[in-house]
Amino acid sequence: MTLPSINFLAVLPQTIVIATALLVLLVDAVTRSAQRDHQILPWISLLGLVAAAAAAIWLLRLGQPQLFQQMAVADGYSLAFMLLILAAGLLGVLLAQSVIPAISPQAGAYYALLLLGVAGMMFMGAALDLLVVFLALEIMSLALYILVGFNREERRSAEAALKYFLLGAFSSGFFLFGVALLYAVTGSTHLPTIAAALALSPAGSSLYLTAALALLIVGFGFKVALVPFHMWTPDAYQGAPTPVTAFMSVATKAAAFAAFLRVFALALPAAQPQWGMALAVLAAFTMTLGNLAALRQNSMKRMLAYSSIAHAGYALVGLVPASSQGVSGVLFYLLGYLFMNLGAFAVVVALERPGENDVPSSRFVGLAERQPAMAAAMAIFMFSLAGIPPFAGFLGKFFVFSAAIQAGWGWLVVIGVLNSVLSAFYYLTVIVQMYFRKANESHTSPVLDGKAKKSKVAVEAAAASVADITESVPLPVAVVVLLAALGTALVGLWPSPWTHWITQAVSAVFG
Amino acid sequence: MANLTSLPLLSIITFLPLAGSLLLLLLRGDKALKATALATALVTFVVSLALWFGWRAGEAGMQFTETLPWLPELGIGYRLGVDGISMPLVLLTTFLMPLVLLFSWDTIRDNTKTYLLLMLLLETAMIGVFAALDMVLFFVFFEASLIPMYFLIGRWGGPRRIYAALKFFIYTAFGSAFLLAGILALGYFHQQQTGDWSFNVLDMYTLGLPANVQTLVFFGFALAFAIKVPLFPFHTWLPDAHVEAPTGGSVILAGVLLKMGTYGFLRFCLPLFPEPTRRFAPLLVALALIGILYGALVALAQKDVKKLVAYSSVAHLGFVTLGIFALQHESLSGSVLQMVNHGLSTGALFLLVGFLYERRHTRQLDDFGGLWKLMPVYAAFAVVTFMSSAGLPGLNGFVGEFTILLGAMKTSTAYAVLGTLGIILAAWYLLWAFSKIFQGPVTNPANAGLHDLNRREVLIMVPLVLLFFLIGLFPSLFLQKIDPSTQAVLDLANRPAALTMQVEK
């Protein structure tokens, strides 16, 4: 028996990220006594993420898919998702730089956890085996549970973390049970083997298969926040420190979709007649209920949380047909979503005052006069999220819907476009606040959901509102907002390099 | 002039305003900003005249075409081109914009930079709508034009501006949703029949769509355009938007944005869906006729001049729609000409209302009276404009309405009779409004100090009035460019059903 030759190249980007996480912990431990405000840690994290991205691009250039023991693969598809997640990680680290040191002395843990989460997410798209998917899911989730509750001073943060953890653990159970049932039906957890087994035997009548599909949908549905598995989302998004929300709203969704797409479109296309309609109905409900709930929110973070639920619905439309075009569409959609959604949360970070972890929508009143550039960026994000051309959100929807209509899902597309109109109501409200209402029309008292804050915070906030005109935004946050706005506009106006790359990568994997 | 055709002329015209708006970002000082914006609009207009003078007469097809790949994976291309239907509308846009900016010269004091920037962005979007030959590109410009107009109404509008802006945006976006679904469906059928995705409008003309699909997609398109026009009963957003919008916004809204709807009917509904077009033409004509009569009657009941002009737009665009769905060559050409006419005369009406509002900060008819003696120059321009709008022979409005009625007569006498009734009503409300404002004694002492138009205001009105006469006296100058293209559209709309019955599995 010879030792198997292991191709470590296939997991090079993930390895770099994990190594960086460990390095961050080490440096944190060594410099802790020095009280140097942990300024070096974000830089190490950024460097690690950039190195991982470079490795991913290098692997992409090789052209050849790199297999890691039938367990994970670095092909065009997984590398595309990796780059997406790494970009989200980069922006997430930048956002955290000014916020995290203020809420916790353990900044080192923050960056390390974020990097570990990123590593887990990267494995989600790369996994070729359901067990690896599960492991990646757990690595990602455990890191996120802690990150959500990172602000130990804030009860809401702890509550959010607990809720996220309990429901998340529950859904992991569902997922694992689904894997077990699928193993029972096909005799394997290896995705290509499952695909081959299902293609050979018309297992349409198998009750086990149906149950397995249902359980897997519940598991993934929880992670991407589909209605009715979305209950955790508003609380977790609102309670988590805003940089965490910004990061997880984009990266978790991308990672979960990476695995969702790979498992359903690659391993289970033979069963598409069984799961297609179920997902279509879920997508319709997710879009509609997400948008309806978002209409009624005063808290910016809650509104964006419901909006991100609706966006999971739009993206899911691309998975329904199980086609290469649909998968490309979802990937392109998530690319646009990365910029517009992270950008919107970055604006929330920029508008938060010391000690705050949310922004009431009234804070946006008169923003166009106080911070014109910030308001313009937010307007771009809002229009893009509403799917108004010429921004990225429009083309993303177009791509996804064209795949759905190609497979004959006309009614789903009609529900999708009508939902875009519905969503315009609440996105436009933000623009009304920023541009159309004058600052003196509003009350500037810092009321968050009508709940009185601690008096110390209130005094601080009152002082801050006096100095409203000179609100200064930390440089890294401003950089994130700028990059996101540029990305949102660029992907919308000049899409062909992205779409070319994405369709190439996807069609190589999905045929 | 040989190298003129090698220039991407349409792209230059489309994106000059955008370039100008980017330039504005770098500038400071109101005067420099206004001068730059105005210069941009003027240069754009001058460049766009090359379309007119470089026009190959007698050709029905697209001229000045450009093609670049944009999103080749989905068959979306950057395709531009104009024919005899869209070229006049491009010119209308580039002609009106300098006048609007000139009007705004002294009247916009709040946040001038953003206002000018949005106006120029709007110009790019509007020209793009008329020049786009790819349906997705068309949709992008169609929707993108909402954004600047939304800001113009919501930021610089009247007391109920926020409500009006939202209503305008949501109403149009609602229609656009069906338009988008229809566009996607067409792309899909193209892919089914040829194996490739394409959203090229001209490719679509050769597509054979099953009849039931035609009907479904036709209604998607028709709803979007009916809201934009607006046809009765989808018109309720228009009076709100017009009353609340600043004058410049109203001029552009009535002058150009509404034409996107009627242009959409001509460019998409007739040639793409011949079968349902013929079948449902009476329905659309009925809505158009209701709009003509209802708009005129409601205009008669108004106390606010701006609202009166807004409702007159509903009536006038009813005429344009009547001409389109009468499906006769004369009426189609008349409709295209009437789109331009309405843009000019209603634009002028809104400007006149704006002049008055700037002076008195009221638009109530009852607040005026006897202005003829106080503002003779203003009154003179008003006479010509009101007559142009009422369709007096010798002025532009007559030519358009007459040719539309001529065509409508061929289709059905009833259409023509009801349409003519609309003209009478139009004369009624216009003359009634005119007499209220200009004739009689000066009853309101607040009007006593009114001063006449200044040079800038005269400069705005003169080109408009000149065009009223030019089109009214020499309509063939325009019609000869329009005619071949409307004939081509009509031929497509009259395609036999057999050609469109091919369904491939």
# chains A, B, ... in the order shown; residues from 1 in each chain; ligands from 1

$ interface_residues --of "chain A" --to "chain B" --cutoff "7 Å" --atoms "only C-alpha atoms" --output "MDAnalysis selection string"
chainID A and resid 388:390 402 405:406 413:414 417:418 421 435:436 495:496 499:500

$ residues_around --residues "Arg495 (chain B)" --least-positions-apart "3" --cutoff "7 Å" --atoms "only C-alpha atoms" --output "short mmCIF file (atom, residue, chain, number, x, y, z; two decimals) with N, CA, C and O atoms, in the first residue's frame"
data_model
loop_
_atom_site.label_atom_id
_atom_site.label_comp_id
_atom_site.auth_asym_id
_atom_site.auth_seq_id
_atom_site.Cartn_x
_atom_site.Cartn_y
_atom_site.Cartn_z
N PRO B 274 -48.37 41.86 -34.44
CA PRO B 274 -49.36 42.35 -35.40
C PRO B 274 -50.76 41.81 -35.13
O PRO B 274 -51.74 42.55 -35.22
N ASP B 491 -46.65 48.17 -42.43
CA ASP B 491 -46.53 46.90 -43.16
C ASP B 491 -46.31 45.75 -42.20
O ASP B 491 -46.89 44.68 -42.36
N LEU B 492 -45.47 46.00 -41.19
CA LEU B 492 -45.23 44.94 -40.21
C LEU B 492 -46.49 44.64 -39.42
O LEU B 492 -46.79 43.49 -39.11
#

$ atom_distance --atom1 "CA of Arg155 (chain A)" --atom2 "CA of Ser104 (chain A)"
13.9 Å

$ closest_residue --among "B:Phe381, B:Lys303, B:Phe268, B:Pro233" --to "Ala286 (chain B)" --atoms "only C-alpha atoms"
B:Pro233

$ atom_distance --atom1 "CA of Val489 (chain B)" --atom2 "CA of Val201 (chain B)"
12.5 Å

$ closest_residue --among "B:Pro88, B:Ala32, B:Ser48, B:Leu18" --to "Lys481 (chain B)" --atoms "only C-alpha atoms"
B:Pro88

$ atom_distance --atom1 "CA of Leu133 (chain B)" --atom2 "CA of Ala315 (chain B)"
29.2 Å

$ residues_around --residues "Tyr263 (chain B)" --least-positions-apart "4" --cutoff "8 Å" --atoms "only C-alpha atoms" --output "ChimeraX atom specification"
/B:85-86,130,259,267

$ residues_around --residues "Leu266 (chain B)" --least-positions-apart "3" --cutoff "10 Å" --atoms "only C-alpha atoms" --output "ChimeraX atom specification"
/B:85-86,260-263,269-272,321,324-325,332,335-336,486,489-490,493

$ write_last_selection --atoms "all heavy atoms" --output "CSV table (one decimal), in the first residue's frame"
chain,number,residue,atom,x,y,z
B,85,ILE,N,-39.1,57.6,-37.2
B,85,ILE,CA,-40.0,57.8,-36.0
B,85,ILE,C,-39.2,58.3,-34.9
B,85,ILE,O,-39.6,59.2,-34.2
B,85,ILE,CB,-40.6,56.4,-35.7
B,85,ILE,CG1,-41.5,55.9,-36.8
B,85,ILE,CG2,-41.4,56.5,-34.4
B,85,ILE,CD1,-42.0,54.5,-36.7
B,86,SER,N,-38.0,57.7,-34.7
B,86,SER,CA,-37.2,58.1,-33.5
B,86,SER,C,-36.4,59.4,-33.7
B,86,SER,O,-36.1,60.1,-32.7
B,86,SER,CB,-36.4,57.0,-33.0
B,86,SER,OG,-35.7,56.4,-34.1
B,260,MET,N,-42.3,58.5,-24.6
B,260,MET,CA,-41.7,57.2,-24.5
B,260,MET,C,-42.8,56.1,-24.6
B,260,MET,O,-42.6,55.1,-25.2
B,260,MET,CB,-41.0,57.0,-23.2
B,260,MET,CG,-39.7,57.9,-23.1
B,260,MET,SD,-39.0,57.6,-21.5
B,260,MET,CE,-37.6,58.7,-21.6
B,261,GLY,N,-44.0,56.4,-24.1
B,261,GLY,CA,-45.1,55.5,-24.2
B,261,GLY,C,-45.6,55.3,-25.6
B,261,GLY,O,-45.7,54.2,-26.1
B,262,THR,N,-45.9,56.4,-26.2
B,262,THR,CA,-46.4,56.3,-27.6
B,262,THR,C,-45.4,55.8,-28.5
B,262,THR,O,-45.6,55.0,-29.4
B,262,THR,CB,-46.9,57.7,-28.1
B,262,THR,OG1,-46.0,58.7,-27.7
B,262,THR,CG2,-48.3,58.0,-27.5
B,263,TYR,N,-44.1,56.2,-28.3
B,263,TYR,CA,-43.0,55.7,-29.1
B,263,TYR,C,-42.9,54.1,-28.9
B,263,TYR,O,-42.7,53.4,-29.9
B,263,TYR,CB,-41.7,56.3,-28.7
B,263,TYR,CG,-40.5,55.7,-29.3
B,263,TYR,CD1,-40.2,55.9,-30.6
B,263,TYR,CD2,-39.6,54.9,-28.5
B,263,TYR,CE1,-39.0,55.3,-31.2
B,263,TYR,CE2,-38.5,54.3,-29.1
B,263,TYR,CZ,-38.2,54.5,-30.4
B,263,TYR,OH,-37.1,53.9,-31.0
B,269,CYS,N,-45.1,47.5,-30.0
B,269,CYS,CA,-46.4,46.8,-30.1
B,269,CYS,C,-46.8,46.5,-31.5
B,269,CYS,O,-47.2,45.4,-31.8
B,269,CYS,CB,-47.5,47.6,-29.4
B,269,CYS,SG,-47.3,47.5,-27.6
B,270,LEU,N,-46.8,47.5,-32.4
B,270,LEU,CA,-47.3,47.3,-33.7
B,270,LEU,C,-46.5,46.3,-34.5
B,270,LEU,O,-47.0,45.3,-35.0
B,270,LEU,CB,-47.4,48.6,-34.5
B,270,LEU,CG,-48.7,49.3,-34.5
B,270,LEU,CD1,-49.1,49.6,-33.0
B,270,LEU,CD2,-48.7,50.6,-35.3
B,271,PRO,N,-45.2,46.5,-34.6
B,271,PRO,CA,-44.4,45.5,-35.4
B,271,PRO,C,-44.2,44.2,-34.8
B,271,PRO,O,-44.1,43.2,-35.6
B,271,PRO,CB,-43.0,46.2,-35.6
B,271,PRO,CG,-43.0,47.4,-34.8
B,271,PRO,CD,-44.3,47.6,-34.1
B,272,LEU,N,-44.1,44.1,-33.5
B,272,LEU,CA,-43.8,42.8,-32.9
B,272,LEU,C,-45.1,41.9,-32.7
B,272,LEU,O,-45.0,40.7,-32.8
B,272,LEU,CB,-43.2,43.0,-31.5
B,272,LEU,CG,-41.8,43.5,-31.4
B,272,LEU,CD1,-41.4,43.7,-30.0
B,272,LEU,CD2,-40.9,42.5,-32.1
B,321,THR,N,-52.4,58.4,-29.6
B,321,THR,CA,-52.7,57.0,-29.5
B,321,THR,C,-53.8,56.6,-30.5
B,321,THR,O,-53.7,55.6,-31.1
B,321,THR,CB,-53.1,56.6,-28.1
B,321,THR,OG1,-52.3,57.3,-27.1
B,321,THR,CG2,-53.1,55.2,-27.8
B,324,ILE,N,-52.2,56.2,-33.7
B,324,ILE,CA,-51.4,54.9,-33.8
B,324,ILE,C,-52.3,53.7,-34.1
B,324,ILE,O,-52.1,52.9,-35.0
B,324,ILE,CB,-50.5,54.7,-32.6
B,324,ILE,CG1,-49.4,55.8,-32.5
B,324,ILE,CG2,-49.9,53.3,-32.6
B,324,ILE,CD1,-48.7,55.8,-31.2
B,325,PHE,N,-53.3,53.6,-33.3
B,325,PHE,CA,-54.2,52.4,-33.4
B,325,PHE,C,-55.3,52.5,-34.4
B,325,PHE,O,-56.1,51.6,-34.5
B,325,PHE,CB,-54.7,52.0,-32.0
B,325,PHE,CG,-53.6,51.4,-31.2
B,325,PHE,CD1,-52.8,52.1,-30.3
B,325,PHE,CD2,-53.2,50.1,-31.4
B,325,PHE,CE1,-51.8,51.5,-29.5
B,325,PHE,CE2,-52.2,49.5,-30.7
B,325,PHE,CZ,-51.5,50.2,-29.7
B,332,LEU,N,-50.6,57.3,-38.7
B,332,LEU,CA,-49.3,57.0,-38.0
B,332,LEU,C,-48.3,58.1,-38.2
B,332,LEU,O,-47.7,58.6,-37.2
B,332,LEU,CB,-48.7,55.7,-38.6
B,332,LEU,CG,-49.3,54.4,-38.2
B,332,LEU,CD1,-48.5,53.2,-38.8
B,332,LEU,CD2,-49.3,54.2,-36.7
B,335,SER,N,-49.3,60.9,-36.1
B,335,SER,CA,-49.0,60.7,-34.6
B,335,SER,C,-47.6,61.0,-34.3
B,335,SER,O,-47.3,61.7,-33.3
B,335,SER,CB,-49.3,59.2,-34.3
B,335,SER,OG,-50.6,59.0,-34.2
B,336,VAL,N,-46.7,60.6,-35.2
B,336,VAL,CA,-45.3,60.9,-34.9
B,336,VAL,C,-45.1,62.5,-34.9
B,336,VAL,O,-44.4,63.0,-34.0
B,336,VAL,CB,-44.4,60.3,-36.0
B,336,VAL,CG1,-42.9,60.7,-35.8
B,336,VAL,CG2,-44.5,58.8,-35.9
B,486,THR,N,-43.0,55.1,-41.0
B,486,THR,CA,-44.3,54.7,-40.5
B,486,THR,C,-44.9,53.7,-41.5
B,486,THR,O,-45.6,52.8,-41.0
B,486,THR,CB,-45.2,55.9,-40.4
B,486,THR,OG1,-45.1,56.7,-41.6
B,486,THR,CG2,-44.8,56.7,-39.2
B,489,VAL,N,-43.6,50.4,-40.5
B,489,VAL,CA,-44.2,49.9,-39.3
B,489,VAL,C,-45.6,49.3,-39.6
B,489,VAL,O,-46.0,48.3,-39.1
B,489,VAL,CB,-44.3,51.0,-38.2
B,489,VAL,CG1,-45.2,50.6,-37.1
B,489,VAL,CG2,-42.9,51.2,-37.6
B,490,LEU,N,-46.3,50.1,-40.4
B,490,LEU,CA,-47.6,49.6,-40.8
B,490,LEU,C,-47.6,48.3,-41.5
B,490,LEU,O,-48.5,47.4,-41.3
B,490,LEU,CB,-48.3,50.7,-41.6
B,490,LEU,CG,-49.8,50.5,-41.8
B,490,LEU,CD1,-50.5,50.6,-40.5
B,490,LEU,CD2,-50.3,51.6,-42.8
B,493,ALA,N,-47.2,45.7,-39.1
B,493,ALA,CA,-48.5,45.5,-38.3
B,493,ALA,C,-49.5,44.8,-39.1
B,493,ALA,O,-50.4,44.2,-38.6
B,493,ALA,CB,-49.0,46.8,-37.8

$ residues_around --residues "Gly84 (chain B)" --least-positions-apart "6" --cutoff "9 Å" --atoms "only C-alpha atoms" --output "list of chain:residue names"
B:Glu59, B:Ala60, B:Gly61, B:Met62, B:Gln63, B:Val336, B:Leu479, B:Gln480, B:Lys481, B:Ile482, B:Asp483, B:Pro484, B:Ser485, B:Thr486

$ select_by_dssp --residues "region 286-328 of chain B" --states "alpha helix (DSSP H)" --output "PDB file with C-alpha atoms, in the first residue's frame"
ATOM      1  CA  ALA B 286     -61.638  53.458 -27.204  1.00  0.00           C
ATOM      2  CA  LEU B 287     -59.330  54.259 -24.292  1.00  0.00           C
ATOM      3  CA  ALA B 288     -57.696  56.965 -26.381  1.00  0.00           C
ATOM      4  CA  LEU B 289     -61.073  58.512 -27.239  1.00  0.00           C
ATOM      5  CA  ILE B 290     -62.186  58.390 -23.617  1.00  0.00           C
ATOM      6  CA  GLY B 291     -58.892  60.081 -22.770  1.00  0.00           C
ATOM      7  CA  ILE B 292     -59.464  62.774 -25.365  1.00  0.00           C
ATOM      8  CA  LEU B 293     -62.960  63.622 -24.166  1.00  0.00           C
ATOM      9  CA  TYR B 294     -62.454  62.993 -20.478  1.00  0.00           C
ATOM     10  CA  GLY B 295     -59.152  64.891 -20.409  1.00  0.00           C
ATOM     11  CA  ALA B 296     -60.743  67.853 -22.122  1.00  0.00           C
ATOM     12  CA  LEU B 297     -63.791  67.889 -19.837  1.00  0.00           C
ATOM     13  CA  VAL B 298     -61.702  67.626 -16.707  1.00  0.00           C
ATOM     14  CA  ALA B 299     -59.422  70.367 -18.021  1.00  0.00           C
ATOM     15  CA  LEU B 300     -62.496  72.560 -18.307  1.00  0.00           C
ATOM     16  CA  VAL B 305     -53.667  76.419 -14.859  1.00  0.00           C
ATOM     17  CA  LYS B 306     -50.958  73.845 -14.506  1.00  0.00           C
ATOM     18  CA  LYS B 307     -53.488  71.143 -13.780  1.00  0.00           C
ATOM     19  CA  LEU B 308     -55.432  72.284 -16.820  1.00  0.00           C
ATOM     20  CA  VAL B 309     -52.367  71.883 -19.005  1.00  0.00           C
ATOM     21  CA  ALA B 310     -51.711  68.499 -17.421  1.00  0.00           C
ATOM     22  CA  TYR B 311     -55.179  67.237 -18.304  1.00  0.00           C
ATOM     23  CA  SER B 312     -54.858  68.705 -21.778  1.00  0.00           C
ATOM     24  CA  SER B 313     -51.812  66.436 -22.120  1.00  0.00           C
ATOM     25  CA  VAL B 314     -54.006  63.432 -21.410  1.00  0.00           C
ATOM     26  CA  ALA B 315     -56.294  64.558 -24.207  1.00  0.00           C
ATOM     27  CA  HIS B 316     -53.507  65.329 -26.645  1.00  0.00           C
ATOM     28  CA  LEU B 317     -51.754  62.065 -26.091  1.00  0.00           C
ATOM     29  CA  GLY B 318     -55.097  60.389 -26.586  1.00  0.00           C
ATOM     30  CA  PHE B 319     -54.935  61.853 -30.078  1.00  0.00           C
ATOM     31  CA  VAL B 320     -51.505  60.411 -30.662  1.00  0.00           C
ATOM     32  CA  THR B 321     -52.679  57.000 -29.480  1.00  0.00           C
ATOM     33  CA  LEU B 322     -55.772  57.265 -31.655  1.00  0.00           C
ATOM     34  CA  GLY B 323     -53.542  57.913 -34.636  1.00  0.00           C
ATOM     35  CA  ILE B 324     -51.360  54.925 -33.846  1.00  0.00           C
ATOM     36  CA  PHE B 325     -54.152  52.407 -33.374  1.00  0.00           C
TER      37      PHE B 325
END

$ residues_around --residues "Ala131 (chain B)" --least-positions-apart "4" --cutoff "6 Å" --atoms "only C-alpha atoms" --output "number ranges by chain"
B: 80-82

$ write_last_selection --atoms "all heavy atoms" --output "PDB file, in the first residue's frame"
ATOM      1  N   LEU B  80     -27.513  50.946 -31.336  1.00  0.00           N
ATOM      2  CA  LEU B  80     -28.192  52.217 -31.502  1.00  0.00           C
ATOM      3  C   LEU B  80     -28.551  52.407 -32.962  1.00  0.00           C
ATOM      4  O   LEU B  80     -27.920  51.850 -33.853  1.00  0.00           O
ATOM      5  CB  LEU B  80     -27.310  53.383 -31.044  1.00  0.00           C
ATOM      6  CG  LEU B  80     -26.872  53.430 -29.583  1.00  0.00           C
ATOM      7  CD1 LEU B  80     -26.088  54.703 -29.331  1.00  0.00           C
ATOM      8  CD2 LEU B  80     -28.052  53.357 -28.647  1.00  0.00           C
ATOM      9  N   GLY B  81     -29.543  53.242 -33.192  1.00  0.00           N
ATOM     10  CA  GLY B  81     -29.948  53.574 -34.551  1.00  0.00           C
ATOM     11  C   GLY B  81     -31.237  54.365 -34.485  1.00  0.00           C
ATOM     12  O   GLY B  81     -31.996  54.240 -33.515  1.00  0.00           O
ATOM     13  N   VAL B  82     -31.478  55.184 -35.470  1.00  0.00           N
ATOM     14  CA  VAL B  82     -32.740  55.932 -35.496  1.00  0.00           C
ATOM     15  C   VAL B  82     -33.364  55.795 -36.874  1.00  0.00           C
ATOM     16  O   VAL B  82     -32.668  55.673 -37.877  1.00  0.00           O
ATOM     17  CB  VAL B  82     -32.532  57.432 -35.181  1.00  0.00           C
ATOM     18  CG1 VAL B  82     -32.341  57.650 -33.706  1.00  0.00           C
ATOM     19  CG2 VAL B  82     -31.385  58.019 -35.969  1.00  0.00           C
TER      20      VAL B  82
END

$ residues_around --residues "region 116-120 of chain B" --least-positions-apart "4" --cutoff "7 Å" --atoms "only C-alpha atoms" --output "PyMOL selection string"
chain B and resi 17-18+21+24+37+112+124+148

$ closest_residue --among "A:Phe394, A:Phe81, A:Tyr208, A:Tyr183" --to "Thr252 (chain A)" --atoms "only C-alpha atoms"
A:Phe81
